[in-house]
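Asker: Would you mind keeping the following structure in view while I ask a few things?
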Amino acid sequence: MKTDIQIAQEASMLHIKDVAAKLGIREDELEFYGKYKAKLSDELWEEIKDRPDGKLVLVTAINPTPAGEGKTTVTVGLGQAMAKLNQKAVIALREPSLGPCFGIKGGAAGGGYSQVVPMEDLNLHFTGDFHAITSANNLLAALLDNHIQQGNALQIDPRQVVWKRCLDMNDRNLRNIVVGLGSKMDGMVREDHFVITVASEIMAILCLADDLQDLKRRLGKIVVAYNFSGDPVTADDLQATGAMTALLKDAIKPNIIQTLEHTPALVHGGPFANIAHGCNSVRATKMALKMSDITITEAGFGADLGAEKFFDIKCRKAGLKPDAVVLVATVRALKYNGGVQRAELERENLNALKKGIVNLEKHIENIQKYGVPVVVALNSFVSDTQAEYEFVRGFCEDKGCEFALAEVWAKGGEGGKALAEKVLETLKTKESHFHPLYADELSLEEKIETVAKEIYGARGVIYEPSAKKQLAKIESMGFGALPVCMAKTQYSLSDDAAKLGRPEDFDVKIREVYVSAGAGFIVAITGAIMTMPGLPKVPAANGIDVSEDGNITGLF
């Protein structure tokens, strides 16, 4: 079997204007970045904004494992399958971060014969959105330190600077640093920190903003520090908002590319789901809904992270109402949750499958709590057996949700027809009664505990004393009505990555809480989660190269 990058490089792509034409987009409504990628203009939105919305389908998954789940692959394959069934469908995805591409996870273009292309462009610099976000983030940091250096008229307490610099790369050495070393002219010495770009509040703001003016308003509300009296200092206070907006004026426009089968794909924004809210931009999703009958979007990592934040943050803030959810699982991943070692996953093991399927069970129950119909998509691997398929099918039907086998990795859209037909049937026969998990009026502690108990299955929540103080401070500042964004490991329903399956009798530990005032949510950091990941012992970057004829190799 060819590698993903070989399949992508051998693909025959249409000019992006021809792909966009399938959605009724004229050439003069596109801003081209070469032949195969473009941005959608503001003029296009003005033309389509009053159209009725199509159906919204969210693709999510069980907790990720080393065995692989293929959520993006299924999302792309489902979109391709809809086209084969003559449905006007569009895919709305996140952009990949460079950190995972060169680290351990790889890119986010799908896989096999269900990919978006150009794959190398998407996984690397793409249209420069992440670079713009990084620049805006670090401009704000530079203006903040410069203000302190130049007399500190705002009386910023250097010990209470909360704005961090960012970089779109996994670099653990930048987590905790000291800046301002050298002479007096080199700035004030203080402790500083880096986060990965996809964890920057500016990434979240870009993905939640309705338009350029909303983006500007949200940027101005960013809390960067506290003064000596304990009052917040914002980007507006530093007069940084206009320049930051200038850097982001093009980045806020959604990008359009295509799948291997020329289905339109809007790919825009990319907050991590374990340390941010994990969804593509509101603008891209809303444009997709206006231009298609069915919009297929995805949320990052498992449903306990990506789907929960899609429902409780993105849908709440943007007024979106999903019509159905596709929940992706694999036999291999379920057996891994049942205790099978990675080397043994290709052997049939119904006992392990029975033990591990409780992870899928919990995710089904969680989605049903939001009132949205569920279709389980079992992503096919060649080592799976018919007995294993039938066990999962029977389990899902007993839980009151639909089931379909997805063979999109090997067969592209053709291998997704059964899933697409099941989704279409669900959209036609089952009504969504979507509602968020908790009310705005609950206290922040009640919101955190609701997510921990209802979604993770926790016994309770334990707060570090500093986190308790931070919660009280945030509520006293008037931010108590905001939703919570839980920063948690993706590998377990709990905050302990080693607890597989469906953990019970555990507590979630909250060690830090802070406000993302511009994005409009409160971040609660659990366990040992890091906002700046590190590289593994053998990074994926070691295998990436460029051939003599300029072709990139080793990217996955």
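FYI, nothing fancy with the structure tokens labels: chains A, B, ... in order, residues from 1 per chain, ligands from 1 as they appear.
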Taking only residues of segment 168-269 of chain A that have an atom at most 9 Å from an atom of segment 109-120 of chain A, what is each one's shortest atom pair and its distance in Å to one decimal, using only C-alpha atoms, in chain and number order, as JSON lines?

Answerer:
```
{"residue": "A:Ile257", "atom": "CA", "partner": "A:Val117", "partner_atom": "CA", "distance": 6.7}
{"residue": "A:Gln258", "atom": "CA", "partner": "A:Val116", "partner_atom": "CA", "distance": 5.6}
{"residue": "A:Thr259", "atom": "CA", "partner": "A:Val116", "partner_atom": "CA", "distance": 4.0}
{"residue": "A:Leu260", "atom": "CA", "partner": "A:Gln115", "partner_atom": "CA", "distance": 5.9}
{"residue": "A:Glu261", "atom": "CA", "partner": "A:Ser114", "partner_atom": "CA", "distance": 8.3}
{"residue": "A:His262", "atom": "CA", "partner": "A:Val116", "partner_atom": "CA", "distance": 8.7}
{"residue": "A:Thr263", "atom": "CA", "partner": "A:Val116", "partner_atom": "CA", "distance": 8.8}
{"residue": "A:Ala265", "atom": "CA", "partner": "A:Val116", "partner_atom": "CA", "distance": 7.4}
```

Asker: Since we have the selection now, will you write its residues out, keeping N, CA, C and O atoms, as a PDB file, in the first residue's frame?

Answerer:
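Saved result, selection-v6.pdb, follows:
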```
ATOM      1  N   ILE A 257      -9.875  24.287  -0.059  1.00  0.00           N
ATOM      2  CA  ILE A 257      -9.076  23.358  -0.855  1.00  0.00           C
ATOM      3  C   ILE A 257      -9.995  22.224  -1.293  1.00  0.00           C
ATOM      4  O   ILE A 257     -11.211  22.422  -1.355  1.00  0.00           O
ATOM      5  N   GLN A 258      -9.468  21.036  -1.583  1.00  0.00           N
ATOM      6  CA  GLN A 258     -10.294  19.950  -2.104  1.00  0.00           C
ATOM      7  C   GLN A 258      -9.850  18.611  -1.543  1.00  0.00           C
ATOM      8  O   GLN A 258      -8.729  18.467  -1.051  1.00  0.00           O
ATOM      9  N   THR A 259     -10.737  17.629  -1.634  1.00  0.00           N
ATOM     10  CA  THR A 259     -10.357  16.264  -1.287  1.00  0.00           C
ATOM     11  C   THR A 259      -9.753  15.584  -2.519  1.00  0.00           C
ATOM     12  O   THR A 259      -9.731  16.159  -3.615  1.00  0.00           O
ATOM     13  N   LEU A 260      -9.279  14.366  -2.354  1.00  0.00           N
ATOM     14  CA  LEU A 260      -8.750  13.599  -3.490  1.00  0.00           C
ATOM     15  C   LEU A 260      -9.794  13.408  -4.579  1.00  0.00           C
ATOM     16  O   LEU A 260      -9.457  13.197  -5.745  1.00  0.00           O
ATOM     17  N   GLU A 261     -11.086  13.472  -4.191  1.00  0.00           N
ATOM     18  CA  GLU A 261     -12.165  13.302  -5.152  1.00  0.00           C
ATOM     19  C   GLU A 261     -12.835  14.641  -5.485  1.00  0.00           C
ATOM     20  O   GLU A 261     -13.959  14.677  -5.982  1.00  0.00           O
ATOM     21  N   HIS A 262     -12.134  15.730  -5.181  1.00  0.00           N
ATOM     22  CA  HIS A 262     -12.522  17.090  -5.571  1.00  0.00           C
ATOM     23  C   HIS A 262     -13.739  17.628  -4.822  1.00  0.00           C
ATOM     24  O   HIS A 262     -14.373  18.577  -5.285  1.00  0.00           O
ATOM     25  N   THR A 263     -14.066  17.049  -3.679  1.00  0.00           N
ATOM     26  CA  THR A 263     -15.106  17.615  -2.823  1.00  0.00           C
ATOM     27  C   THR A 263     -14.563  18.876  -2.162  1.00  0.00           C
ATOM     28  O   THR A 263     -13.429  18.880  -1.677  1.00  0.00           O
ATOM     29  N   ALA A 265     -13.499  21.586   0.520  1.00  0.00           N
ATOM     30  CA  ALA A 265     -13.156  21.501   1.940  1.00  0.00           C
ATOM     31  C   ALA A 265     -12.735  22.888   2.424  1.00  0.00           C
ATOM     32  O   ALA A 265     -11.797  23.474   1.880  1.00  0.00           O
TER      33      ALA A 265
END
```

Asker: Per residue of segment 312-403 of chain A within 12 Å of segment 440-444 of chain A, note the shortest atom pair and the distance in Å to one decimal, counting only C-alpha atoms, and order the rows by chain and increasing residue number, as a tab-separated table.

Answerer:
```
residue	atom	partner	partner_atom	distance
A:Asp312	CA	A:Asp440	CA	10.0
A:Ile313	CA	A:Asp440	CA	10.9
A:Arg316	CA	A:Asp440	CA	9.6
A:Lys317	CA	A:Asp440	CA	11.1
```

Asker: Could those residues be written to a file, using C-alpha atoms, as a PDB file, in the first residue's frame?

Answerer:
```pdb
ATOM      1  CA  ASP A 312     -20.693  23.911  25.096  1.00  0.00           C
ATOM      2  CA  ILE A 313     -18.435  26.624  23.660  1.00  0.00           C
ATOM      3  CA  ARG A 316     -23.296  28.191  22.498  1.00  0.00           C
ATOM      4  CA  LYS A 317     -21.302  31.215  21.291  1.00  0.00           C
TER       5      LYS A 317
END
```

Asker: Got a sec: who's within 12 Å of Lys417 of chain A, counting only C-alpha atoms, leaving out chain neighbours fewer than 6 positions off, as an MDAnalysis selection string?

Answerer: chainID A and resid 74 77:87 377 404:408 411 423:424

Asker: Would you mind exporting all heavy atoms of the selected residues as a short mmCIF file (atom, residue, chain, number, x, y, z; two decimals), in the first residue's frame?

Answerer:
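Resulting contents of result-v6.cif:
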```
data_model
loop_
_atom_site.label_atom_id
_atom_site.label_comp_id
_atom_site.auth_asym_id
_atom_site.auth_seq_id
_atom_site.Cartn_x
_atom_site.Cartn_y
_atom_site.Cartn_z
N VAL A 74 -12.21 9.67 8.31
CA VAL A 74 -13.64 9.39 8.17
C VAL A 74 -14.41 10.65 7.78
O VAL A 74 -15.33 10.60 6.95
CB VAL A 74 -14.20 8.79 9.48
CG1 VAL A 74 -15.73 8.70 9.44
CG2 VAL A 74 -13.61 7.40 9.72
N GLY A 77 -13.71 11.11 4.11
CA GLY A 77 -14.37 10.04 3.36
C GLY A 77 -15.88 10.20 3.33
O GLY A 77 -16.53 9.92 2.30
N LEU A 78 -16.45 10.67 4.43
CA LEU A 78 -17.90 10.89 4.48
C LEU A 78 -18.29 11.99 3.51
O LEU A 78 -19.31 11.89 2.80
CB LEU A 78 -18.32 11.24 5.91
CG LEU A 78 -19.79 11.57 6.14
CD1 LEU A 78 -20.70 10.43 5.69
CD2 LEU A 78 -20.03 11.91 7.61
N GLY A 79 -17.49 13.05 3.45
CA GLY A 79 -17.77 14.11 2.49
C GLY A 79 -17.70 13.63 1.05
O GLY A 79 -18.54 13.98 0.21
N GLN A 80 -16.69 12.81 0.76
CA GLN A 80 -16.56 12.25 -0.59
C GLN A 80 -17.73 11.32 -0.91
O GLN A 80 -18.24 11.31 -2.04
CB GLN A 80 -15.23 11.50 -0.70
CG GLN A 80 -14.02 12.42 -0.60
CD GLN A 80 -12.69 11.70 -0.73
OE1 GLN A 80 -11.70 12.28 -1.16
NE2 GLN A 80 -12.63 10.44 -0.35
N ALA A 81 -18.16 10.55 0.08
CA ALA A 81 -19.28 9.63 -0.14
C ALA A 81 -20.58 10.38 -0.39
O ALA A 81 -21.40 9.97 -1.22
CB ALA A 81 -19.43 8.71 1.08
N MET A 82 -20.77 11.49 0.30
CA MET A 82 -21.97 12.30 0.07
C MET A 82 -22.02 12.78 -1.38
O MET A 82 -23.08 12.80 -2.01
CB MET A 82 -21.99 13.50 1.03
CG MET A 82 -22.29 13.15 2.47
SD MET A 82 -24.00 12.62 2.70
CE MET A 82 -24.04 12.40 4.49
N ALA A 83 -20.86 13.18 -1.89
CA ALA A 83 -20.81 13.62 -3.29
C ALA A 83 -21.18 12.49 -4.23
O ALA A 83 -21.87 12.70 -5.24
CB ALA A 83 -19.42 14.16 -3.62
N LYS A 84 -20.75 11.27 -3.92
CA LYS A 84 -21.08 10.11 -4.76
C LYS A 84 -22.58 9.81 -4.72
O LYS A 84 -23.11 9.20 -5.65
CB LYS A 84 -20.27 8.89 -4.32
CG LYS A 84 -18.80 8.95 -4.76
CD LYS A 84 -18.09 7.64 -4.49
CE LYS A 84 -16.66 7.69 -5.05
NZ LYS A 84 -16.64 7.75 -6.54
N LEU A 85 -23.24 10.23 -3.63
CA LEU A 85 -24.68 10.05 -3.53
C LEU A 85 -25.43 11.29 -4.00
O LEU A 85 -26.62 11.46 -3.70
CB LEU A 85 -25.05 9.73 -2.07
CG LEU A 85 -24.50 8.42 -1.50
CD1 LEU A 85 -24.87 8.26 -0.04
CD2 LEU A 85 -24.98 7.22 -2.31
N ASN A 86 -24.71 12.15 -4.74
CA ASN A 86 -25.29 13.36 -5.34
C ASN A 86 -25.83 14.35 -4.32
O ASN A 86 -26.80 15.07 -4.57
CB ASN A 86 -26.40 12.97 -6.34
CG ASN A 86 -25.88 12.14 -7.49
OD1 ASN A 86 -24.84 12.45 -8.06
ND2 ASN A 86 -26.58 11.06 -7.80
N GLN A 87 -25.19 14.39 -3.17
CA GLN A 87 -25.54 15.37 -2.15
C GLN A 87 -24.58 16.57 -2.27
O GLN A 87 -23.38 16.39 -2.51
CB GLN A 87 -25.42 14.76 -0.76
CG GLN A 87 -26.32 13.57 -0.52
CD GLN A 87 -27.79 13.94 -0.54
OE1 GLN A 87 -28.19 14.95 0.03
NE2 GLN A 87 -28.59 13.13 -1.20
N ALA A 377 -19.44 5.19 13.54
CA ALA A 377 -18.70 4.78 12.34
C ALA A 377 -17.52 3.94 12.78
O ALA A 377 -16.62 4.44 13.47
CB ALA A 377 -18.23 6.00 11.56
N ALA A 404 -22.48 2.01 11.21
CA ALA A 404 -22.05 1.76 9.83
C ALA A 404 -20.56 1.50 9.81
O ALA A 404 -19.79 2.07 10.60
CB ALA A 404 -22.39 2.94 8.93
N LEU A 405 -20.16 0.63 8.90
CA LEU A 405 -18.74 0.35 8.69
C LEU A 405 -18.21 1.36 7.67
O LEU A 405 -18.84 1.62 6.65
CB LEU A 405 -18.57 -1.07 8.16
CG LEU A 405 -17.15 -1.63 8.10
CD1 LEU A 405 -16.56 -1.76 9.50
CD2 LEU A 405 -17.15 -2.99 7.40
N ALA A 406 -17.04 1.93 7.97
CA ALA A 406 -16.41 2.89 7.06
C ALA A 406 -15.12 2.29 6.50
O ALA A 406 -14.24 1.92 7.26
CB ALA A 406 -16.12 4.20 7.79
N GLU A 407 -15.04 2.20 5.18
CA GLU A 407 -13.84 1.68 4.52
C GLU A 407 -13.21 2.77 3.66
O GLU A 407 -12.71 2.52 2.57
CB GLU A 407 -14.23 0.46 3.67
CG GLU A 407 -14.84 -0.68 4.47
CD GLU A 407 -15.26 -1.84 3.59
OE1 GLU A 407 -16.35 -1.75 2.99
OE2 GLU A 407 -14.50 -2.83 3.50
N VAL A 408 -13.22 3.97 4.19
CA VAL A 408 -12.81 5.14 3.41
C VAL A 408 -11.31 5.25 3.22
O VAL A 408 -10.85 5.82 2.23
CB VAL A 408 -13.35 6.43 4.06
CG1 VAL A 408 -14.88 6.45 4.02
CG2 VAL A 408 -12.86 6.58 5.50
N LYS A 411 -10.81 2.83 0.25
CA LYS A 411 -11.69 2.95 -0.92
C LYS A 411 -12.19 4.37 -1.18
O LYS A 411 -12.94 4.60 -2.12
CB LYS A 411 -12.89 2.02 -0.76
CG LYS A 411 -12.52 0.55 -0.64
CD LYS A 411 -13.77 -0.31 -0.44
CE LYS A 411 -13.42 -1.79 -0.28
NZ LYS A 411 -14.64 -2.61 -0.05
N VAL A 423 -26.14 8.26 7.71
CA VAL A 423 -26.23 9.65 8.17
C VAL A 423 -27.44 10.34 7.53
O VAL A 423 -28.21 11.04 8.20
CB VAL A 423 -24.93 10.43 7.86
CG1 VAL A 423 -25.10 11.92 8.13
CG2 VAL A 423 -23.77 9.88 8.70
N LEU A 424 -27.62 10.15 6.22
CA LEU A 424 -28.77 10.75 5.53
C LEU A 424 -30.09 10.25 6.11
O LEU A 424 -31.04 11.03 6.30
CB LEU A 424 -28.71 10.45 4.03
CG LEU A 424 -27.60 11.16 3.25
CD1 LEU A 424 -27.51 10.61 1.83
CD2 LEU A 424 -27.83 12.67 3.22
#
```

Asker: So that I can check the secondary structure, give me every residue of segment 346-520 of chain A assigned alpha helix (DSSP H) by backbone DSSP, as a ChimeraX atom specification.

Answerer: /A:350-368,386-398,408-411,417-429,444-450,465-476

Asker: Apply DSSP to the backbone of this structure and, from segment 337-479 of chain A, keep only the residues in strand (DSSP E); write these as a PyMOL selection string.

Answerer: chain A and resi 374-379+402-406+460-463

Asker: Those residues you just picked out, can you put them in a file as an mmCIF file, in the first residue's frame with all heavy atoms?

Answerer:
```cif
data_model
loop_
_atom_site.group_PDB
_atom_site.id
_atom_site.type_symbol
_atom_site.label_atom_id
_atom_site.label_comp_id
_atom_site.auth_asym_id
_atom_site.auth_seq_id
_atom_site.Cartn_x
_atom_site.Cartn_y
_atom_site.Cartn_z
ATOM 1 N N VAL A 374 -26.975 9.940 17.215
ATOM 2 C CA VAL A 374 -25.608 9.444 17.068
ATOM 3 C C VAL A 374 -25.551 8.320 16.050
ATOM 4 O O VAL A 374 -26.387 7.403 16.068
ATOM 5 C CB VAL A 374 -25.063 8.913 18.411
ATOM 6 C CG1 VAL A 374 -23.596 8.514 18.274
ATOM 7 C CG2 VAL A 374 -25.243 9.931 19.517
ATOM 8 N N VAL A 375 -24.546 8.387 15.163
ATOM 9 C CA VAL A 375 -24.210 7.282 14.261
ATOM 10 C C VAL A 375 -22.778 6.863 14.577
ATOM 11 O O VAL A 375 -21.860 7.689 14.514
ATOM 12 C CB VAL A 375 -24.303 7.689 12.777
ATOM 13 C CG1 VAL A 375 -23.900 6.524 11.874
ATOM 14 C CG2 VAL A 375 -25.703 8.186 12.441
ATOM 15 N N VAL A 376 -22.566 5.604 14.945
ATOM 16 C CA VAL A 376 -21.216 5.108 15.187
ATOM 17 C C VAL A 376 -20.619 4.653 13.867
ATOM 18 O O VAL A 376 -21.206 3.850 13.147
ATOM 19 C CB VAL A 376 -21.209 3.948 16.195
ATOM 20 C CG1 VAL A 376 -19.819 3.312 16.280
ATOM 21 C CG2 VAL A 376 -21.640 4.444 17.573
ATOM 22 N N ALA A 377 -19.439 5.191 13.542
ATOM 23 C CA ALA A 377 -18.704 4.784 12.341
ATOM 24 C C ALA A 377 -17.516 3.939 12.782
ATOM 25 O O ALA A 377 -16.619 4.444 13.469
ATOM 26 C CB ALA A 377 -18.233 6.003 11.563
ATOM 27 N N LEU A 378 -17.521 2.678 12.415
ATOM 28 C CA LEU A 378 -16.392 1.809 12.741
ATOM 29 C C LEU A 378 -15.409 1.863 11.580
ATOM 30 O O LEU A 378 -15.679 1.344 10.494
ATOM 31 C CB LEU A 378 -16.876 0.379 12.983
ATOM 32 C CG LEU A 378 -15.868 -0.546 13.674
ATOM 33 C CD1 LEU A 378 -15.536 -0.054 15.077
ATOM 34 C CD2 LEU A 378 -16.404 -1.968 13.739
ATOM 35 N N ASN A 379 -14.290 2.517 11.800
ATOM 36 C CA ASN A 379 -13.275 2.691 10.763
ATOM 37 C C ASN A 379 -12.552 1.364 10.550
ATOM 38 O O ASN A 379 -11.927 0.835 11.472
ATOM 39 C CB ASN A 379 -12.302 3.793 11.196
ATOM 40 C CG ASN A 379 -11.371 4.221 10.090
ATOM 41 O OD1 ASN A 379 -11.589 3.914 8.922
ATOM 42 N ND2 ASN A 379 -10.321 4.930 10.447
ATOM 43 N N GLU A 402 -27.308 4.435 15.573
ATOM 44 C CA GLU A 402 -27.071 3.772 14.298
ATOM 45 C C GLU A 402 -25.610 3.333 14.193
ATOM 46 O O GLU A 402 -24.734 3.844 14.890
ATOM 47 C CB GLU A 402 -27.429 4.705 13.141
ATOM 48 C CG GLU A 402 -28.875 5.174 13.139
ATOM 49 C CD GLU A 402 -29.866 4.054 12.880
ATOM 50 O OE1 GLU A 402 -29.462 3.033 12.288
ATOM 51 O OE2 GLU A 402 -31.035 4.184 13.264
ATOM 52 N N PHE A 403 -25.362 2.419 13.267
ATOM 53 C CA PHE A 403 -24.008 1.877 13.087
ATOM 54 C C PHE A 403 -23.729 1.718 11.605
ATOM 55 O O PHE A 403 -24.610 1.337 10.818
ATOM 56 C CB PHE A 403 -23.889 0.521 13.778
ATOM 57 C CG PHE A 403 -22.604 -0.219 13.474
ATOM 58 C CD1 PHE A 403 -21.488 -0.056 14.270
ATOM 59 C CD2 PHE A 403 -22.505 -1.069 12.368
ATOM 60 C CE1 PHE A 403 -20.302 -0.714 13.992
ATOM 61 C CE2 PHE A 403 -21.324 -1.734 12.078
ATOM 62 C CZ PHE A 403 -20.222 -1.552 12.897
ATOM 63 N N ALA A 404 -22.481 2.010 11.212
ATOM 64 C CA ALA A 404 -22.055 1.765 9.828
ATOM 65 C C ALA A 404 -20.558 1.498 9.807
ATOM 66 O O ALA A 404 -19.794 2.071 10.596
ATOM 67 C CB ALA A 404 -22.390 2.940 8.929
ATOM 68 N N LEU A 405 -20.156 0.634 8.902
ATOM 69 C CA LEU A 405 -18.742 0.352 8.685
ATOM 70 C C LEU A 405 -18.206 1.356 7.669
ATOM 71 O O LEU A 405 -18.835 1.621 6.647
ATOM 72 C CB LEU A 405 -18.568 -1.070 8.159
ATOM 73 C CG LEU A 405 -17.145 -1.627 8.104
ATOM 74 C CD1 LEU A 405 -16.555 -1.760 9.501
ATOM 75 C CD2 LEU A 405 -17.148 -2.993 7.401
ATOM 76 N N ALA A 406 -17.044 1.932 7.971
ATOM 77 C CA ALA A 406 -16.411 2.891 7.058
ATOM 78 C C ALA A 406 -15.124 2.293 6.504
ATOM 79 O O ALA A 406 -14.236 1.917 7.262
ATOM 80 C CB ALA A 406 -16.117 4.201 7.785
ATOM 81 N N GLY A 460 -15.586 13.428 41.696
ATOM 82 C CA GLY A 460 -15.603 14.806 42.158
ATOM 83 C C GLY A 460 -14.443 15.583 41.585
ATOM 84 O O GLY A 460 -13.699 15.090 40.732
ATOM 85 N N VAL A 461 -14.270 16.818 42.063
ATOM 86 C CA VAL A 461 -13.203 17.702 41.591
ATOM 87 C C VAL A 461 -12.405 18.196 42.790
ATOM 88 O O VAL A 461 -12.977 18.612 43.797
ATOM 89 C CB VAL A 461 -13.773 18.906 40.810
ATOM 90 C CG1 VAL A 461 -12.647 19.834 40.357
ATOM 91 C CG2 VAL A 461 -14.585 18.431 39.607
ATOM 92 N N ILE A 462 -11.091 18.141 42.667
ATOM 93 C CA ILE A 462 -10.194 18.649 43.700
ATOM 94 C C ILE A 462 -9.454 19.854 43.131
ATOM 95 O O ILE A 462 -8.855 19.771 42.058
ATOM 96 C CB ILE A 462 -9.184 17.570 44.155
ATOM 97 C CG1 ILE A 462 -9.919 16.375 44.771
ATOM 98 C CG2 ILE A 462 -8.173 18.150 45.149
ATOM 99 C CD1 ILE A 462 -9.013 15.191 45.069
ATOM 100 N N TYR A 463 -9.485 20.974 43.856
ATOM 101 C CA TYR A 463 -8.855 22.213 43.402
ATOM 102 C C TYR A 463 -7.590 22.495 44.201
ATOM 103 O O TYR A 463 -7.597 22.398 45.438
ATOM 104 C CB TYR A 463 -9.810 23.403 43.565
ATOM 105 C CG TYR A 463 -11.065 23.308 42.747
ATOM 106 C CD1 TYR A 463 -12.212 22.702 43.259
ATOM 107 C CD2 TYR A 463 -11.122 23.834 41.462
ATOM 108 C CE1 TYR A 463 -13.380 22.624 42.516
ATOM 109 C CE2 TYR A 463 -12.287 23.758 40.701
ATOM 110 C CZ TYR A 463 -13.406 23.148 41.239
ATOM 111 O OH TYR A 463 -14.556 23.071 40.490
#
```

Asker: Can you check which parts of segment 271-322 of chain A lie within 12 Å of segment 214-220 of chain A? Per residue, the shortest pair of atoms and distance in Å to one decimal, counting only C-alpha atoms, sorted by chain and number, as JSON lines.

Answerer:
```
{"residue": "A:Ser281", "atom": "CA", "partner": "A:Leu215", "partner_atom": "CA", "distance": 11.9}
{"residue": "A:Val282", "atom": "CA", "partner": "A:Leu215", "partner_atom": "CA", "distance": 11.6}
{"residue": "A:Arg283", "atom": "CA", "partner": "A:Leu215", "partner_atom": "CA", "distance": 11.1}
```

Asker: Would you list the contacts of segment 495-510 of chain A as number ranges by chain, taking every protein, DNA or RNA residue within 9 Å and counting only C-alpha atoms, but skipping same-chain residues closer than 2 positions in sequence?

Answerer: A: 63, 334, 336-339, 355-362, 449, 452-453, 456-464, 467-468, 488-493, 512-513, 524-529

Asker: I'd like to know which of A:Ser41, A:Thr426, A:Asn366, A:Gln6 is closest to Ala61 of chain A, using only C-alpha atoms.

Answerer: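 Among the listed residues, the smallest separation from Ala61 of chain A belongs to A:Asn366.
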
Asker: In terms of the shortest atom-to-atom distance over only C-alpha atoms, which of A:Gly518, A:Phe228, A:Ile7, A:Met287 is closest to Ala153 of chain A?

Answerer: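 The closest residue to Ala153 of chain A is A:Phe228.
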
Asker: Nearest to Cys279 of chain A: which of A:Val19, A:Leu58, A:Ala472, A:Val523 is it, counting only C-alpha atoms?

Answerer: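 Result for the nearest residue to Cys279 of chain A: A:Leu58.
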
Asker: For a quick check of understanding, using only C-alpha atoms, which of A:Ile252, A:Gly534, A:Val515, A:Ala38 has the smallest distance to Trp163 of chain A?

Answerer: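 Between A:Ile252, A:Gly534, A:Val515, A:Ala38, the residue approaching Trp163 of chain A most closely is A:Val515.
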
Asker: Can you measure atom CA of Leu14 of chain A to atom CA of Leu289 of chain A for me? One decimal in Å is fine.

Answerer: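 These atoms are spaced 22.8 Å apart.
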
Asker: With only C-alpha atoms as the basis for distance, which of A:Cys101, A:Val267, A:Ile62, A:Ile48 is at the shortest distance from Leu535 of chain A?

Answerer: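 Ranking A:Cys101, A:Val267, A:Ile62, A:Ile48 by distance to Leu535 of chain A, first place goes to A:Cys101.
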
Asker: Could you tell me which of A:Ala108, A:Ile222, A:Ile364, A:Leu98 comes closest to Phe395 of chain A if we count only C-alpha atoms?

Answerer: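 Once distances to Phe395 of chain A are computed over only C-alpha atoms, the minimum belongs to A:Ile364.
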
Asker: So that I can check the surroundings of Gly128 of chain A, please list as an NGL selection string every protein, DNA and RNA residue that reaches within 12 Å of it, counting only C-alpha atoms and ignoring chain neighbours fewer than 3 positions away.

Answerer: :A and (33 or 37-39 or 95-98 or 121-125 or 131-135 or 168 or 247-255 or 268-269)

Asker: List as a ChimeraX atom specification the protein and nucleic acid residues near His277 of chain A, meaning an atom at most 10 Å away when only C-alpha atoms are counted, but skip any in the same chain fewer than 2 places from it.

Answerer: /A:198-199,203-204,207-208,270-275,279-280,299-300,305-310,312-314,484-487,519,521,523

Asker: Could you please determine the separation between atom CA of Arg94 of chain A and atom CA of Pro539 of chain A in Å, to one decimal place?

Answerer: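 That distance, rounded to one decimal, is 22.5 Å.
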